[in-house]
file data35.txt (compact mmCIF, C-alpha atoms and all ligand atoms)
# COMPACT_ATOMS: atom_id res chain seq x y z
CA MET A 1 118.26 -98.61 91.59
CA ALA A 2 118.96 -101.73 89.59
CA THR A 3 117.55 -103.51 86.54
CA ILE A 4 116.70 -107.11 87.34
CA LEU A 5 116.13 -109.99 84.94
CA VAL A 6 113.50 -112.21 86.52
CA THR A 7 113.33 -115.64 84.89
CA GLY A 8 110.00 -117.34 85.59
CA GLY A 9 108.64 -113.90 86.48
CA THR A 10 105.05 -114.67 85.49
CA GLY A 11 104.95 -117.70 87.81
CA PHE A 12 103.60 -117.87 91.35
CA ILE A 13 106.61 -116.62 93.34
CA GLY A 14 108.18 -114.69 90.46
CA SER A 15 105.10 -112.51 89.89
CA HIS A 16 104.88 -111.50 93.55
CA THR A 17 108.61 -110.78 93.57
CA CYS A 18 108.28 -108.53 90.51
CA VAL A 19 105.67 -106.47 92.40
CA GLU A 20 108.02 -106.07 95.38
CA LEU A 21 111.01 -105.24 93.17
CA LEU A 22 109.01 -102.55 91.40
CA SER A 23 107.78 -101.09 94.65
CA ALA A 24 111.42 -100.94 95.81
CA ASN A 25 112.08 -98.87 92.65
CA HIS A 26 113.98 -101.52 90.71
CA ASP A 27 113.27 -102.03 87.01
CA VAL A 28 112.08 -105.47 85.96
CA VAL A 29 112.66 -107.53 82.81
CA ILE A 30 110.82 -110.86 82.72
CA LEU A 31 111.78 -113.95 80.74
CA ASP A 32 109.20 -116.75 80.87
CA ASN A 33 108.20 -119.41 78.37
CA LEU A 34 104.65 -119.46 79.83
CA TYR A 35 104.84 -123.21 80.36
CA ASN A 36 103.18 -122.82 83.74
CA SER A 37 101.82 -119.26 83.68
CA LYS A 38 99.89 -116.79 81.56
CA GLU A 39 100.97 -113.59 79.86
CA ASP A 40 98.15 -111.57 81.47
CA VAL A 41 100.11 -111.84 84.74
CA VAL A 42 102.38 -109.13 83.30
CA LYS A 43 99.39 -106.74 83.14
CA ARG A 44 98.40 -107.66 86.67
CA ILE A 45 101.91 -106.92 87.96
CA GLU A 46 101.73 -103.56 86.18
CA GLN A 47 98.25 -102.89 87.54
CA ILE A 48 99.30 -103.51 91.15
CA SER A 49 102.57 -101.63 90.93
CA GLY A 50 101.58 -98.80 88.59
CA ARG A 51 104.87 -99.40 86.77
CA SER A 52 105.66 -101.00 83.44
CA VAL A 53 107.57 -104.22 82.91
CA ARG A 54 109.48 -105.51 79.90
CA PHE A 55 108.35 -109.03 79.02
CA TYR A 56 110.14 -111.56 76.81
CA LYS A 57 108.34 -114.79 76.00
CA GLY A 58 111.13 -117.30 75.69
CA ASP A 59 113.17 -120.07 77.20
CA ILE A 60 116.27 -120.14 79.37
CA LEU A 61 117.47 -122.96 77.11
CA ASP A 62 117.57 -120.55 74.16
CA ASP A 63 120.88 -118.66 73.83
CA THR A 64 119.50 -116.31 71.21
CA ILE A 65 116.87 -114.81 73.47
CA LEU A 66 119.26 -114.69 76.42
CA ASP A 67 121.82 -112.76 74.36
CA GLN A 68 119.06 -110.49 73.06
CA ILE A 69 117.89 -109.67 76.60
CA PHE A 70 121.39 -108.98 77.93
CA THR A 71 122.15 -106.83 74.87
CA GLU A 72 118.92 -104.83 74.84
CA ASN A 73 118.91 -104.15 78.60
CA THR A 74 121.57 -103.18 81.13
CA ILE A 75 120.94 -106.03 83.53
CA ASP A 76 122.50 -105.64 86.98
CA ALA A 77 121.35 -108.94 88.49
CA VAL A 78 119.25 -112.01 87.80
CA ILE A 79 116.64 -113.64 89.99
CA HIS A 80 116.25 -117.15 88.67
CA PHE A 81 112.84 -118.72 89.31
CA ALA A 82 112.27 -120.53 86.00
CA ALA A 83 112.04 -124.25 86.68
CA LEU A 84 109.72 -127.23 86.56
CA LYS A 85 108.52 -127.93 90.08
CA ALA A 86 106.22 -130.94 90.31
CA VAL A 87 107.90 -133.48 92.54
CA GLY A 88 105.85 -136.49 91.33
CA GLU A 89 106.23 -135.57 87.66
CA SER A 90 110.00 -135.29 88.12
CA MET A 91 110.07 -139.00 89.00
CA GLU A 92 108.31 -139.83 85.73
CA LYS A 93 110.28 -137.38 83.58
CA PRO A 94 113.74 -137.06 85.13
CA LEU A 95 115.47 -136.06 81.89
CA GLU A 96 113.05 -133.21 81.26
CA TYR A 97 113.66 -131.97 84.82
CA TYR A 98 117.46 -132.16 84.55
CA HIS A 99 117.35 -130.58 81.08
CA ASN A 100 115.21 -127.64 82.15
CA ASN A 101 116.30 -127.08 85.74
CA VAL A 102 120.00 -127.89 85.42
CA GLY A 103 120.75 -127.55 81.68
CA GLY A 104 118.62 -124.41 81.39
CA ALA A 105 120.15 -122.93 84.51
CA VAL A 106 123.74 -123.52 83.35
CA ASN A 107 122.79 -121.96 80.03
CA LEU A 108 121.56 -118.89 81.88
CA TYR A 109 124.68 -118.72 84.07
CA LEU A 110 126.87 -118.93 80.95
CA ALA A 111 124.92 -116.10 79.33
CA MET A 112 125.41 -114.03 82.50
CA GLN A 113 129.13 -114.74 82.35
CA ARG A 114 129.28 -113.76 78.64
CA HIS A 115 127.58 -110.47 79.38
CA GLY A 116 129.45 -109.61 82.58
CA VAL A 117 126.46 -110.01 84.93
CA HIS A 118 127.74 -111.52 88.16
CA THR A 119 124.89 -111.28 90.64
CA ILE A 120 122.26 -113.98 90.97
CA VAL A 121 119.53 -114.90 93.40
CA PHE A 122 118.55 -118.56 93.04
CA SER A 123 115.28 -120.24 94.08
CA SER A 124 116.38 -123.17 96.15
CA SER A 125 114.26 -125.15 98.56
CA ALA A 126 114.19 -126.58 102.07
CA THR A 127 113.95 -129.91 100.27
CA VAL A 128 117.79 -129.87 100.17
CA TYR A 129 117.76 -130.66 103.92
CA GLY A 130 115.61 -133.81 103.57
CA GLN A 131 114.40 -134.68 107.08
CA PRO A 132 116.79 -132.60 109.20
CA LYS A 133 118.11 -134.14 112.42
CA LYS A 134 117.17 -131.02 114.32
CA VAL A 135 114.39 -128.44 113.93
CA PRO A 136 114.33 -125.50 113.58
CA CYS A 137 116.69 -126.19 110.73
CA ALA A 138 119.64 -123.83 110.17
CA GLU A 139 121.59 -123.32 106.94
CA ASP A 140 124.57 -125.35 108.17
CA ALA A 141 122.44 -128.51 108.48
CA PRO A 142 123.77 -131.20 106.15
CA ILE A 143 122.41 -131.37 102.61
CA GLN A 144 120.86 -134.82 102.17
CA GLU A 145 120.32 -136.82 99.05
CA ALA A 146 116.91 -135.93 97.59
CA THR A 147 114.17 -138.51 97.17
CA ASN A 148 113.25 -137.21 93.70
CA PRO A 149 114.90 -135.60 90.65
CA TYR A 150 113.25 -132.22 91.33
CA GLY A 151 115.00 -131.99 94.70
CA THR A 152 118.25 -133.16 93.13
CA THR A 153 118.11 -130.30 90.60
CA LYS A 154 118.08 -127.85 93.53
CA ILE A 155 121.11 -129.54 95.12
CA TYR A 156 122.97 -129.53 91.77
CA ASN A 157 122.24 -125.85 91.20
CA GLU A 158 123.51 -125.00 94.67
CA LYS A 159 126.72 -126.92 93.93
CA ILE A 160 127.16 -125.39 90.46
CA LEU A 161 126.71 -121.86 91.76
CA SER A 162 129.03 -122.50 94.72
CA ASP A 163 131.71 -123.82 92.37
CA LEU A 164 131.22 -120.75 90.19
CA CYS A 165 131.77 -118.45 93.17
CA ALA A 166 134.84 -120.40 94.22
CA ALA A 167 136.31 -119.96 90.73
CA LYS A 168 135.22 -116.38 90.01
CA LYS A 169 135.69 -114.04 92.91
CA ASP A 170 133.53 -111.28 91.42
CA PHE A 171 130.37 -113.41 91.42
CA SER A 172 127.70 -112.98 94.05
CA VAL A 173 125.16 -115.74 94.65
CA MET A 174 122.24 -116.02 97.05
CA LEU A 175 120.81 -119.50 97.50
CA LEU A 176 117.38 -118.87 98.97
CA ARG A 177 115.95 -121.98 100.56
CA TYR A 178 112.20 -121.51 100.59
CA PHE A 179 110.13 -123.44 103.06
CA ASN A 180 106.46 -123.80 102.01
CA PRO A 181 105.25 -120.72 100.11
CA ILE A 182 101.46 -120.30 100.14
CA GLY A 183 98.90 -117.48 100.02
CA ALA A 184 98.38 -114.91 97.30
CA HIS A 185 98.57 -111.19 96.69
CA PRO A 186 95.97 -109.42 98.89
CA SER A 187 94.54 -107.74 95.76
CA GLY A 188 93.41 -111.17 94.56
CA LEU A 189 95.16 -110.46 91.23
CA LEU A 190 98.11 -112.82 91.68
CA GLY A 191 98.28 -116.30 93.14
CA GLU A 192 98.99 -119.91 92.41
CA VAL A 193 96.79 -121.33 89.67
CA PRO A 194 96.63 -125.07 90.21
CA ASN A 195 97.28 -127.14 87.11
CA GLY A 196 95.50 -130.53 87.24
CA VAL A 197 95.26 -132.30 90.60
CA PRO A 198 97.25 -130.18 93.07
CA ASN A 199 100.15 -131.92 94.81
CA ASN A 200 100.58 -129.20 97.40
CA LEU A 201 98.35 -128.96 100.40
CA THR A 202 96.75 -125.50 100.23
CA PRO A 203 95.59 -125.55 96.59
CA TYR A 204 94.00 -128.94 97.31
CA VAL A 205 92.31 -127.68 100.49
CA ALA A 206 91.04 -124.66 98.54
CA GLN A 207 89.47 -126.88 95.88
CA VAL A 208 87.73 -128.94 98.56
CA ALA A 209 86.53 -125.71 100.19
CA LEU A 210 85.09 -124.64 96.82
CA GLY A 211 83.30 -127.98 96.45
CA GLN A 212 85.43 -128.98 93.46
CA ARG A 213 86.82 -131.99 95.32
CA GLU A 214 85.15 -134.17 97.90
CA PHE A 215 87.67 -134.28 100.73
CA VAL A 216 91.29 -133.56 101.58
CA ARG A 217 93.49 -136.63 101.61
CA VAL A 218 95.65 -136.24 104.69
CA TRP A 219 98.85 -138.17 104.01
CA GLY A 220 99.35 -139.95 107.34
CA ASN A 221 98.57 -139.13 110.97
CA ASP A 222 101.15 -141.36 112.60
CA TYR A 223 104.15 -139.06 112.42
CA ASP A 224 105.99 -138.08 115.56
CA THR A 225 104.37 -134.63 115.60
CA PRO A 226 101.81 -133.08 118.00
CA ASP A 227 98.73 -134.29 116.05
CA GLY A 228 100.50 -136.97 114.01
CA THR A 229 100.23 -135.10 110.68
CA GLY A 230 103.15 -133.53 108.83
CA VAL A 231 104.46 -130.20 110.08
CA ARG A 232 105.77 -127.52 107.73
CA ASP A 233 106.87 -123.91 107.80
CA TYR A 234 104.26 -122.17 105.61
CA ILE A 235 105.31 -118.72 104.47
CA HIS A 236 103.17 -116.02 102.83
CA VAL A 237 104.30 -115.54 99.24
CA VAL A 238 104.36 -111.75 99.73
CA ASP A 239 106.79 -112.14 102.65
CA LEU A 240 108.86 -114.49 100.52
CA ALA A 241 108.86 -111.97 97.66
CA LYS A 242 110.06 -109.22 100.00
CA GLY A 243 112.86 -111.50 101.16
CA HIS A 244 114.14 -111.51 97.57
CA VAL A 245 114.42 -107.73 97.53
CA ASN A 246 116.56 -107.84 100.68
CA ALA A 247 118.63 -110.73 99.31
CA LEU A 248 119.18 -108.85 96.08
CA ASP A 249 120.37 -105.74 97.93
CA TYR A 250 122.80 -107.89 99.88
CA ALA A 251 124.06 -109.62 96.75
CA LEU A 252 124.59 -106.33 94.91
CA HIS A 253 126.97 -105.23 97.67
CA HIS A 254 128.90 -108.44 98.46
CA HIS A 255 130.76 -111.20 96.66
CA GLY A 256 130.65 -114.94 97.27
CA VAL A 257 127.85 -117.36 98.04
CA GLN A 258 125.33 -117.31 100.86
CA ALA A 259 122.57 -119.82 101.58
CA VAL A 260 119.63 -118.34 103.47
CA ASN A 261 116.41 -119.92 104.75
CA LEU A 262 113.19 -118.07 103.97
CA GLY A 263 110.48 -119.25 106.34
CA THR A 264 108.59 -117.97 109.35
CA GLY A 265 110.28 -120.22 111.90
CA VAL A 266 106.88 -121.63 112.94
CA GLY A 267 105.63 -125.11 112.10
CA TYR A 268 101.98 -125.94 111.40
CA SER A 269 100.43 -129.35 110.89
CA VAL A 270 98.19 -130.43 108.02
CA LEU A 271 95.19 -130.29 110.36
CA ASP A 272 96.18 -126.77 111.52
CA VAL A 273 96.06 -125.66 107.88
CA ILE A 274 92.69 -127.32 107.26
CA HIS A 275 91.20 -125.72 110.39
CA ALA A 276 92.61 -122.29 109.51
CA TYR A 277 91.03 -122.64 106.07
CA GLU A 278 87.67 -123.61 107.61
CA LYS A 279 87.66 -120.30 109.49
CA VAL A 280 88.13 -118.20 106.36
CA CYS A 281 85.75 -120.13 104.12
CA GLY A 282 83.12 -120.39 106.87
CA HIS A 283 82.34 -124.09 106.66
CA LYS A 284 83.77 -127.50 107.54
CA ILE A 285 86.33 -128.98 105.18
CA PRO A 286 85.99 -132.76 104.98
CA TYR A 287 89.17 -134.80 105.15
CA GLN A 288 90.23 -138.43 105.35
CA ILE A 289 93.36 -139.89 106.83
CA MET A 290 95.29 -141.88 104.23
CA GLU A 291 98.58 -143.79 104.14
CA ARG A 292 101.75 -141.72 104.30
CA ARG A 293 102.86 -140.25 100.96
CA GLY A 294 106.17 -141.69 99.71
CA GLY A 295 109.15 -139.38 100.19
CA ASP A 296 107.41 -137.16 102.77
CA ILE A 297 109.19 -136.05 105.91
CA ALA A 298 107.58 -135.67 109.34
CA GLU A 299 108.48 -132.08 110.02
CA ASN A 300 110.62 -129.16 109.06
CA TYR A 301 110.62 -125.51 109.96
CA ALA A 302 113.26 -122.89 109.55
CA ASP A 303 115.82 -121.37 111.81
CA VAL A 304 115.32 -117.84 110.52
CA SER A 305 118.10 -116.08 112.41
CA LYS A 306 120.46 -115.80 109.42
CA ALA A 307 117.81 -114.09 107.27
CA LYS A 308 117.29 -111.60 110.06
CA THR A 309 120.94 -110.81 110.79
CA LEU A 310 122.29 -110.99 107.22
CA LEU A 311 119.37 -109.56 105.28
CA GLY A 312 117.42 -107.63 107.92
CA TRP A 313 114.33 -109.58 106.83
CA SER A 314 111.73 -111.56 108.69
CA ALA A 315 108.26 -112.75 107.74
CA GLN A 316 105.32 -110.59 108.88
CA TYR A 317 102.22 -112.59 108.01
CA ASP A 318 100.76 -115.48 110.02
CA LEU A 319 98.91 -118.58 108.87
CA ASN A 320 95.50 -116.85 109.13
CA GLN A 321 96.60 -114.14 106.69
CA MET A 322 98.09 -116.73 104.34
CA VAL A 323 94.89 -118.75 104.12
CA ALA A 324 92.69 -115.62 103.97
CA ASP A 325 94.62 -114.33 100.93
CA SER A 326 94.68 -117.77 99.36
CA TRP A 327 90.91 -118.06 99.77
CA HIS A 328 90.29 -114.57 98.37
CA PHE A 329 92.32 -115.44 95.27
CA MET A 330 90.72 -118.86 94.80
CA GLU A 331 87.20 -117.48 95.12
CA LYS A 332 87.93 -114.81 92.51
CA LEU A 333 89.50 -117.40 90.21
CA ASN A 334 86.45 -119.62 90.62
CA GLU A 335 84.05 -116.73 89.83
CA ASN A 336 85.94 -115.97 86.62
CA GLN A 337 86.01 -119.56 85.36
P1 LIG B 1 105.83 -121.58 88.86
O1 LIG B 1 105.70 -122.81 88.03
O2 LIG B 1 104.60 -120.86 89.22
O3 LIG B 1 106.81 -120.55 88.17
C1 LIG B 1 107.91 -120.97 87.39
C2 LIG B 1 107.85 -120.19 86.07
O4 LIG B 1 108.98 -120.56 85.28
C3 LIG B 1 106.60 -120.49 85.26
O5 LIG B 1 105.97 -119.27 84.91
C4 LIG B 1 107.11 -121.23 84.03
O6 LIG B 1 106.34 -120.94 82.89
C5 LIG B 1 108.55 -120.71 83.93
N1 LIG B 1 109.50 -121.61 83.29
C6 LIG B 1 109.71 -122.93 83.55
N2 LIG B 1 110.69 -123.40 82.75
C7 LIG B 1 111.10 -122.36 81.99
C8 LIG B 1 112.10 -122.22 80.98
N3 LIG B 1 112.82 -123.26 80.57
N4 LIG B 1 112.28 -121.00 80.40
C9 LIG B 1 111.52 -119.95 80.79
N5 LIG B 1 110.57 -120.03 81.72
C10 LIG B 1 110.36 -121.21 82.32
O7 LIG B 1 106.65 -122.00 90.17
P2 LIG B 1 106.87 -121.19 91.53
O8 LIG B 1 106.11 -121.87 92.59
O9 LIG B 1 106.70 -119.75 91.31
O10 LIG B 1 108.41 -121.54 91.77
C11 LIG B 1 109.43 -120.64 91.39
C12 LIG B 1 110.77 -121.24 91.77
O11 LIG B 1 110.80 -121.50 93.17
C13 LIG B 1 111.07 -122.57 91.10
O12 LIG B 1 112.46 -122.62 90.82
C14 LIG B 1 110.72 -123.58 92.17
O13 LIG B 1 111.44 -124.77 92.00
C15 LIG B 1 111.17 -122.84 93.41
N6 LIG B 1 110.51 -123.30 94.64
C16 LIG B 1 109.15 -123.30 94.71
C17 LIG B 1 108.53 -123.75 95.86
C18 LIG B 1 107.02 -123.81 95.93
O14 LIG B 1 106.50 -124.49 96.82
N7 LIG B 1 106.29 -123.14 95.07
C19 LIG B 1 109.29 -124.17 96.95
C20 LIG B 1 110.69 -124.14 96.85
C21 LIG B 1 111.29 -123.69 95.68
C1 LIG B 2 102.70 -130.26 102.92
C2 LIG B 2 102.13 -131.22 103.94
C3 LIG B 2 101.92 -133.48 103.11
C4 LIG B 2 98.90 -132.56 100.08
C5 LIG B 2 106.73 -129.79 98.47
C6 LIG B 2 108.03 -130.13 97.79
C7 LIG B 2 109.06 -129.07 98.08
C8 LIG B 2 108.54 -127.70 97.71
C9 LIG B 2 107.22 -127.43 98.36
C10 LIG B 2 108.49 -126.94 95.43
C11 LIG B 2 102.83 -132.58 103.96
C12 LIG B 2 100.57 -132.88 103.41
C13 LIG B 2 99.83 -132.47 101.10
C14 LIG B 2 97.69 -133.28 100.30
C15 LIG B 2 98.42 -133.73 102.54
N1 LIG B 2 108.28 -127.69 96.30
N2 LIG B 2 99.60 -133.04 102.32
N3 LIG B 2 97.50 -133.83 101.53
O1 LIG B 2 105.76 -131.86 100.59
O2 LIG B 2 106.36 -130.03 102.24
O3 LIG B 2 106.95 -129.77 99.86
O4 LIG B 2 106.30 -128.49 98.05
O5 LIG B 2 109.14 -126.38 94.81
O6 LIG B 2 110.21 -129.35 97.35
O7 LIG B 2 108.49 -131.39 98.25
O8 LIG B 2 104.57 -129.61 100.52
O9 LIG B 2 102.24 -128.90 100.18
O10 LIG B 2 103.00 -131.09 99.19
O11 LIG B 2 102.76 -130.91 101.65
O12 LIG B 2 98.20 -134.26 103.64
O13 LIG B 2 96.86 -133.40 99.42
O14 LIG B 2 100.77 -131.51 103.58
O15 LIG B 2 101.99 -134.82 103.46
O16 LIG B 2 102.82 -133.01 105.29
P1 LIG B 2 105.92 -130.44 100.87
P2 LIG B 2 103.09 -130.11 100.29
call {"tool": "encode", "arguments": {"input": "data35.txt", "output": "structure tokens"}}
result
Amino acid sequence: MATILVTGGTGFIGSHTCVELLSANHDVVILDNLYNSKEDVVKRIEQISGRSVRFYKGDILDDTILDQIFTENTIDAVIHFAALKAVGESMEKPLEYYHNNVGGAVNLYLAMQRHGVHTIVFSSSATVYGQPKKVPCAEDAPIQEATNPYGTTKIYNEKILSDLCAAKKDFSVMLLRYFNPIGAHPSGLLGEVPNGVPNNLTPYVAQVALGQREFVRVWGNDYDTPDGTGVRDYIHVVDLAKGHVNALDYALHHHGVQAVNLGTGVGYSVLDVIHAYEKVCGHKIPYQIMERRGGDIAENYADVSKAKTLLGWSAQYDLNQMVADSWHFMEKLNENQ
């Protein structure tokens, strides 16, 4: 089994992935600067998995801590989650986003190169496709210019890592293009803790369900979709986490670069999500139709055949399970606040 450096490992997707790596018998070393997460997540990961984790509080921009980690541990591969991820904020603070998500990433890749670690799984996003011409969207769909700096940082990282693989034949890179990760760990111990006003749909719906906000603002109902609201491929974060374990196994046994979609292959509308949430919380969730949100696309969902054939992975959980686990986590969070 391998020892994996997980950058951003106390974050939403990283924490769930650590649990799945540990349950697949890998050892886990986390590097996180706790900008968007809390250190007690480490204990929760250990509690769920019954295994211990080595945690370094630090930044991917800091060479000293990177060298320390690669010297103190025999790292076989890196899963790189650490990034800033708020689309709107990236339009206000482009330099901070490029510095952290591109500069920080290159710094990490250089440290890997210095220490002879050549296997990396990178958190990319379906945002690289923009509005695809055809859905379900396969990995060979054209990459389109992003509408915001956050999305551009994903495109740049994909390019940087592809160039690295072209130059260095012993590197192995997985570009995992996540669709819309939602849900939480069924234990209720791990999930997405919204920071300020949530941009993403499910944390916002959850706060309305809890009575913390008045109504869901539905960004447009005049799209060319079955009910006019935006359609996305929501994927349970536990499924997504498991996909990383398969991707890692693939990367440890192959060289070169592979881009793989991680989604369910099924599209749900904004109203579908609200109605699914109503079922688990047991009451109506008020919403109002608003103008379209700038930069939004009408619909995207994944062609998941490559993940299945290449990685032997497909998502198991449906929308009902995603919202049930999200609700369980949010209720617990609310009780403890
Ligand atoms: P998150 O904010 O919960 O986790 C990211 C973690 O990285 C946080 O714990 C944060 O403290 C840490 N971090 C940020 N900058 C750092 C730095 N310079 N050094 C060390 N640690 C740093 O986000 P998430 O939702 O878990 O996303 C994980 C990855 O997946 C990100 O790269 C994100 O862009 C990507 N992604 C997320 C989604 C989504 O909808 N959540 C979709 C597609 C791609
Ligand atoms: C989903 C749908 C909205 C909020 C974004 C990023 C992407 C990736 C995932 C992270 C859309 C609608 C939303 C609300 C709404 N990011 N909506 N009211 O836009 O598909 O993707 O998050 O790394 O890069 O762009 O996700 O959850 O924001 O929106 O009506 O309050 O819900 O219009 O149709 P999106 P989302």
call {"tool": "residues_near_ligand", "arguments": {"input": "data35.txt", "ligand": "ligand LIG 2 (chain B)", "cutoff": "8 Å", "atoms": "all atoms listed in the file", "output": "count of residues only"}}
result
36
call {"tool": "closest_atom_pairs", "arguments": {"input": "data35.txt", "of": "chain A", "to": "ligand LIG 1 (chain B)", "cutoff": "9 Å", "atoms": "all atoms listed in the file", "output": "tab-separated table"}}
result
residue	atom	partner	partner_atom	distance
A:Thr7	CA	B:LIG1	N5	6.1
A:Gly8	CA	B:LIG1	O4	3.4
A:Gly9	CA	B:LIG1	O5	6.2
A:Thr10	CA	B:LIG1	O5	4.7
A:Gly11	CA	B:LIG1	O3	3.4
A:Phe12	CA	B:LIG1	O9	3.6
A:Ile13	CA	B:LIG1	O9	3.7
A:Gly14	CA	B:LIG1	O9	5.3
A:Ser15	CA	B:LIG1	O9	7.5
A:His16	CA	B:LIG1	O9	8.7
A:Leu31	CA	B:LIG1	C9	6.0
A:Asp32	CA	B:LIG1	N5	3.7
A:Asn33	CA	B:LIG1	C9	4.1
A:Leu34	CA	B:LIG1	O6	3.8
A:Tyr35	CA	B:LIG1	O6	3.7
A:Asn36	CA	B:LIG1	O6	3.8
A:Ser37	CA	B:LIG1	O5	4.3
A:Lys38	CA	B:LIG1	O5	7.4
A:Lys57	CA	B:LIG1	C9	7.7
A:Gly58	CA	B:LIG1	C9	5.8
A:Asp59	CA	B:LIG1	N4	3.4
A:Ile60	CA	B:LIG1	N4	4.2
A:Leu61	CA	B:LIG1	N3	5.8
A:Asp62	CA	B:LIG1	N4	8.2
A:His80	CA	B:LIG1	O12	7.0
A:Phe81	CA	B:LIG1	C12	4.1
A:Ala82	CA	B:LIG1	O4	3.4
A:Ala83	CA	B:LIG1	C6	4.1
A:Leu84	CA	B:LIG1	C6	5.2
A:Lys85	CA	B:LIG1	O13	4.7
A:Ala86	CA	B:LIG1	O13	8.3
A:His99	CA	B:LIG1	N3	8.6
A:Asn100	CA	B:LIG1	N3	5.2
A:Asn101	CA	B:LIG1	N3	7.3
A:Gly104	CA	B:LIG1	N3	6.0
A:Ala105	CA	B:LIG1	N3	8.3
A:Phe122	CA	B:LIG1	O12	7.6
A:Ser123	CA	B:LIG1	O11	4.7
A:Ser124	CA	B:LIG1	C21	5.1
A:Ser125	CA	B:LIG1	C20	4.1
A:Ala126	CA	B:LIG1	C20	6.7
A:Thr127	CA	B:LIG1	C20	7.5
A:Tyr150	CA	B:LIG1	O13	7.7
A:Gly151	CA	B:LIG1	O13	8.5
A:Thr153	CA	B:LIG1	O13	8.8
A:Lys154	CA	B:LIG1	O13	7.5
A:Leu176	CA	B:LIG1	C21	8.4
A:Arg177	CA	B:LIG1	C20	6.8
A:Tyr178	CA	B:LIG1	C20	4.8
A:Phe179	CA	B:LIG1	C19	6.2
A:Asn180	CA	B:LIG1	O14	5.2
A:Pro181	CA	B:LIG1	O14	5.2
A:Ile182	CA	B:LIG1	O14	7.3
A:Gly191	CA	B:LIG1	O2	8.7
A:Glu192	CA	B:LIG1	O2	6.5
A:Val193	CA	B:LIG1	O2	7.8
A:Asn200	CA	B:LIG1	O14	7.6
A:Val237	CA	B:LIG1	N7	8.9
call {"tool": "closest_residue", "arguments": {"input": "data35.txt", "among": "A:Ala209, A:Val117, A:Leu21, A:Met322", "to": "His283 (chain A)", "atoms": "all atoms listed in the file"}}
result
A:Ala209
call {"tool": "atom_distance", "arguments": {"input": "data35.txt", "atom1": "CA of Ala307 (chain A)", "atom2": "CA of Lys242 (chain A)"}}
result
11.7 Å
call {"tool": "atom_distance", "arguments": {"input": "data35.txt", "atom1": "CA of Gly263 (chain A)", "atom2": "CA of Val135 (chain A)"}}
result
12.5 Å
call {"tool": "atom_distance", "arguments": {"input": "data35.txt", "atom1": "CA of Ser52 (chain A)", "atom2": "CA of Ala77 (chain A)"}}
result
18.3 Å
call {"tool": "residues_around", "arguments": {"input": "data35.txt", "residues": "Tyr129 (chain A)", "least_positions_apart": "6", "cutoff": "8 Å", "atoms": "only C-alpha atoms", "output": "list of chain:residue names"}}
result
A:Ala141, A:Pro142, A:Ile143, A:Gln144
call {"tool": "closest_residue", "arguments": {"input": "data35.txt", "among": "A:Ala146, A:Ile69, A:Met174, A:Val208", "to": "Tyr277 (chain A)", "atoms": "only C-alpha atoms"}}
result
A:Val208
call {"tool": "axis_aligned_box", "arguments": {"input": "data35.txt", "around": "region 88-96 of chain A", "padding_each_side": "5 Å", "output": "JSON"}}
result
{"center_x": 110.7, "center_y": -136.5, "center_z": 86.3, "size_x": 19.6, "size_y": 16.6, "size_z": 20.1}
call {"tool": "closest_residue", "arguments": {"input": "data35.txt", "among": "A:Arg213, A:Lys306, A:His244, A:His275", "to": "Cys18 (chain A)", "atoms": "all atoms listed in the file"}}
result
A:His244
call {"tool": "residues_around", "arguments": {"input": "data35.txt", "residues": "region 45-50 of chain A", "least_positions_apart": "3", "cutoff": "9 Å", "atoms": "all atoms listed in the file", "output": "VMD selection string"}}
result
chain A and resid 10 15 to 16 18 to 20 22 to 23 40 to 42 53 187 189 to 190
call {"tool": "closest_residue", "arguments": {"input": "data35.txt", "among": "A:Gln321, A:Thr309, A:Ser326, A:Thr64", "to": "Tyr250 (chain A)", "atoms": "all atoms listed in the file"}}
result
A:Thr309
call {"tool": "residues_around", "arguments": {"input": "data35.txt", "residues": "Val257 (chain A)", "least_positions_apart": "4", "cutoff": "7 Å", "atoms": "all atoms listed in the file", "output": "ChimeraX atom specification"}}
result
/A:162,165,172-174
call {"tool": "closest_residue", "arguments": {"input": "data35.txt", "among": "A:Asp249, A:Glu278, A:Asp63, A:Asp303", "to": "Arg114 (chain A)", "atoms": "only C-alpha atoms"}}
result
A:Asp63
call {"tool": "closest_residue", "arguments": {"input": "data35.txt", "among": "A:Thr17, A:Thr119, A:Gln68, A:Asn25", "to": "His253 (chain A)", "atoms": "all atoms listed in the file"}}
result
A:Thr119
call {"tool": "decode", "arguments": {"input": "data35.txt", "residues": "region 59-73 of chain A", "atoms": "C-alpha atoms", "output": "PDB file, in the first residue's frame"}}
result
ATOM      1  CA  ASP A  59       1.002  26.173   2.794  1.00  0.00           C
ATOM      2  CA  ILE A  60       1.753  24.764  -0.646  1.00  0.00           C
ATOM      3  CA  LEU A  61       3.457  28.100  -1.341  1.00  0.00           C
ATOM      4  CA  ASP A  62       6.036  27.335   1.356  1.00  0.00           C
ATOM      5  CA  ASP A  63       9.046  25.348   0.085  1.00  0.00           C
ATOM      6  CA  THR A  64      10.346  24.704   3.582  1.00  0.00           C
ATOM      7  CA  ILE A  65       7.321  22.738   4.696  1.00  0.00           C
ATOM      8  CA  LEU A  66       7.087  20.919   1.367  1.00  0.00           C
ATOM      9  CA  ASP A  67      10.724  19.800   1.643  1.00  0.00           C
ATOM     10  CA  GLN A  68      10.143  18.827   5.273  1.00  0.00           C
ATOM     11  CA  ILE A  69       7.145  16.654   4.347  1.00  0.00           C
ATOM     12  CA  PHE A  70       8.916  14.910   1.457  1.00  0.00           C
ATOM     13  CA  THR A  71      11.980  14.331   3.658  1.00  0.00           C
ATOM     14  CA  GLU A  72      10.157  13.079   6.742  1.00  0.00           C
ATOM     15  CA  ASN A  73       7.809  10.745   4.827  1.00  0.00           C
TER      16      ASN A  73
END
